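A short worksheet on the structure shown next.
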Amino acid sequence: MTAPLAYIAGAYEHPTRKAPDKSIAQIHAESAKGALADAGLTFDDVDGYFVARDGPGVLGGISMAEFMGLTRLTYLDNTETGGSAPLVMVRHAAAAIATGRCKVALITMGGKSLTGDPKRMMPNQYGAPELPFEEPYGMSTHAAYAMAAARHIHEFGTTREQMSWVKYSAAQHAQHNPNAVLPKTVTLEEVSESPMIADPLRRLDCCLNTDGGGAIVVVGPELARSLGRPLVKLRGAAEGFKHRNGGYIDMTDTAAAFTGPAAFAEAGVAPSDIKYASVYDSFTMTVIITLEDLGFCAKGQGGAFVSDGNLIAGTGKLPVNTDGGGLCNNHPGGRGGIPKFVEAMRQLRGEAQPAVQVPNCDLALVHGTGGLITTRGGSCTLILERE
Amino acid sequence: MDERRIPPAELNPEIEPYYAAAAEGRLLVKACADCGKAFHYPRALCPFCRSDATEWRDASGKGTIYSFTVLRRAPVPYAVASVELAEGPQMITNIVDCDFDAIRIGQAVRVLFKPSDGGAPVPMFTPEGD
């Protein structure tokens, strides 16, 4: 099976990281404007709109369509998979375009984790069947990822220093990103000795909380060729979901164990063909587990894979998160999918910061991990090719 | 030691017996009379074969820690764990009444019940023999 033929015409990461002066809806709209300008299109060209539940509104995406003045929509998608949602929606947009349901698909994301009210950012959870069995226990994002990390260490002997390499590498990249929240490099020791938050996760194992957002524009081949931008094609994609399965769960992998092989199969390429990867880095261990699941190394070997600078552009075999990732650059609204995607686009177009630009980067992977990996979450793998 | 205030579970008709039993100091597990599998969290339809012949069973209250963490920065630090029950499924819970630094994966634990903030008591676990 090949991927539905679709191209990425525009991608935009909102430059803000702290926006007490902006509304969440405004961040969505400004991001849309940026992505459409990047594509050479306008709001009036948009006939497909895709937004997850970070899009504020009494009636989901329709409220945001109203806010932005979108009046020609023939297709609407409000899929919620957490931070991976914009990536899942790239896949959905490609299918909608290939089947003629829309021609210009706009995906927006925005949120205020820093200056907004984090509790009110949670979508409606009334009647959630899992809540009576998690809320009394103070189940949290940190707890969920920490339990995955603890089990990974228990089963595979992943070390403290290996986890620290992920943050070290992100900081090496972030020093070249003028918009990064944390542009200073760190030593392995600084990571390993930072305060314990949720064993075994320390402060510098954790991603940022920022205000911000971004947007993506997906179009068909004819329109893409008319726009005069570098042609970036969605070559393969897969989405997958994992939950507690009635209480029978293995915490050492994620839905990427499905989406990685499926996306590679659809693209007809192998992990060794990938020149650059954006890998969701909610925590350092998320990267280690995900790289294993995607097939870049064997299960249990992720710690060794991320060590010794292997993820650093210029020296490593697989440059990962060259913008500094969620660990150092940006994790807007608790949803890191958009920055991941946009950095892959920069790499494919040759528009990354010169110090981290991967030479002749014509094949990139973007992977999003949404939700909480030891309770329930959605993963999406996209493989993008510059023609 | 300060005790963490435990938010009560929001009840609904499907799960009321679970927390009613907890009020009596009993841990229940839902199991399917058709496919025989026990599961957690409890629900009316079996998530494996979708039979509606699911039944409440008294659990042994014994289990082992599959994984855990200690939330060190919370106002009152607490331990979250996924405990594998003797009956099969894992449940998200807290490990309480113990030295958090001595908690280990694979450790045997047994159930106890802690009062919640204005709701039903909540099943939690503590290391065996402590």
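For the structure tokens, the naming scheme is as follows: chains receive sequential letters (A, B, ...) according to their order of presentation, residues are indexed from 1 within each chain, and ligands are indexed from 1 in presentation order.
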Hey, could you make a per-residue contact list for chain A against chain B with 9 Å as the cut-off, showing the nearest pair of atoms and its distance in Å to one decimal, counting only C-alpha atoms, sorted by chain and number, as a Markdown table?
| residue | atom | partner | partner_atom | distance |
| --- | --- | --- | --- | --- |
| A:Gly127 | CA | B:Asn12 | CA | 8.1 |
| A:Pro129 | CA | B:Tyr41 | CA | 8.4 |
| A:Glu130 | CA | B:Tyr41 | CA | 6.9 |
| A:Leu131 | CA | B:Ala9 | CA | 7.4 |
| A:Pro132 | CA | B:Ala9 | CA | 4.3 |
| A:Phe133 | CA | B:Tyr41 | CA | 6.6 |
| A:Glu134 | CA | B:Ile92 | CA | 6.4 |
| A:Glu135 | CA | B:Ala9 | CA | 6.8 |
| A:Pro136 | CA | B:Pro7 | CA | 4.8 |
| A:Tyr137 | CA | B:Thr93 | CA | 5.7 |
| A:Gly138 | CA | B:Val80 | CA | 7.5 |
| A:Met139 | CA | B:Val80 | CA | 6.9 |
| A:His142 | CA | B:Leu71 | CA | 7.9 |
| A:Ala143 | CA | B:Thr69 | CA | 6.2 |
| A:Ala144 | CA | B:Thr69 | CA | 8.6 |
| A:Ala146 | CA | B:Thr69 | CA | 6.0 |
| A:Met147 | CA | B:Phe68 | CA | 5.2 |
| A:Ala148 | CA | B:Ser67 | CA | 7.5 |
| A:Ala149 | CA | B:Ser67 | CA | 9.0 |
| A:Ala150 | CA | B:Ser67 | CA | 6.4 |
| A:Arg151 | CA | B:Ser67 | CA | 5.7 |
| A:His154 | CA | B:Ile105 | CA | 7.6 |
| A:Met196 | CA | B:Arg72 | CA | 6.7 |
| A:Ile197 | CA | B:Arg72 | CA | 5.3 |
| A:Ala198 | CA | B:Leu71 | CA | 4.6 |
| A:Asp199 | CA | B:Thr69 | CA | 5.1 |
| A:Pro200 | CA | B:Thr69 | CA | 7.2 |
| A:Leu201 | CA | B:Thr69 | CA | 8.9 |
| A:Arg244 | CA | B:Gln90 | CA | 8.5 |
| A:Asn245 | CA | B:Pro47 | CA | 7.7 |
| A:Gly246 | CA | B:Phe39 | CA | 4.9 |
| A:Gly247 | CA | B:Pro89 | CA | 4.3 |
| A:Tyr248 | CA | B:Pro89 | CA | 5.5 |
| A:Ile249 | CA | B:Gln90 | CA | 7.6 |
| A:Met251 | CA | B:Ser67 | CA | 8.4 |
| A:Thr375 | CA | B:Ile92 | CA | 8.9 |
Report task. Report as a VMD selection string: the residues of region 5-89 of chain B with a DSSP assignment of strand (DSSP E), based on the backbone of this structure. Result -> chain B and resid 28 to 32 38 to 39 54 to 58 62 to 71 78 to 85
Query raised in the report: If you count only C-alpha atoms, which residues fall within 12 Å of Ala39 (chain A), apart from same-chain ones fewer than 4 positions away, as a ChimeraX atom specification?
Result: /A:7-12,32-35,43,45-46,104-106,215-219,223-232
Query - Residue contacts of Ala44 (chain B) (12 Å, only C-alpha atoms) excluding same-chain residues fewer than 6 positions away, as a list in words - result: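 Skipping anything fewer than 6 positions along the chain leaves Pro129 of chain A; Asn12, Pro13, Glu14, Ile15, Glu16, Pro17, Tyr18, Val29, Lys30, Ala31, Cys32, Ala33, Arg50, Ser51, Asp52, Ala53, Thr54, Glu55 and Trp56 of chain B.
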Report task. Quick one: everything within 6 Å of region 286-301 of chain A, counting only C-alpha atoms, minus sequence neighbours fewer than 5 positions away in the same chain. Send it as a list in words. Result -> Phe156, Ala256, Ala257, Gly260, Pro271 and Asp281 of chain A
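Of note, CA of Ile274 (chain A) and CA of Leu363 (chain A) are spaced 5.5 Å apart.
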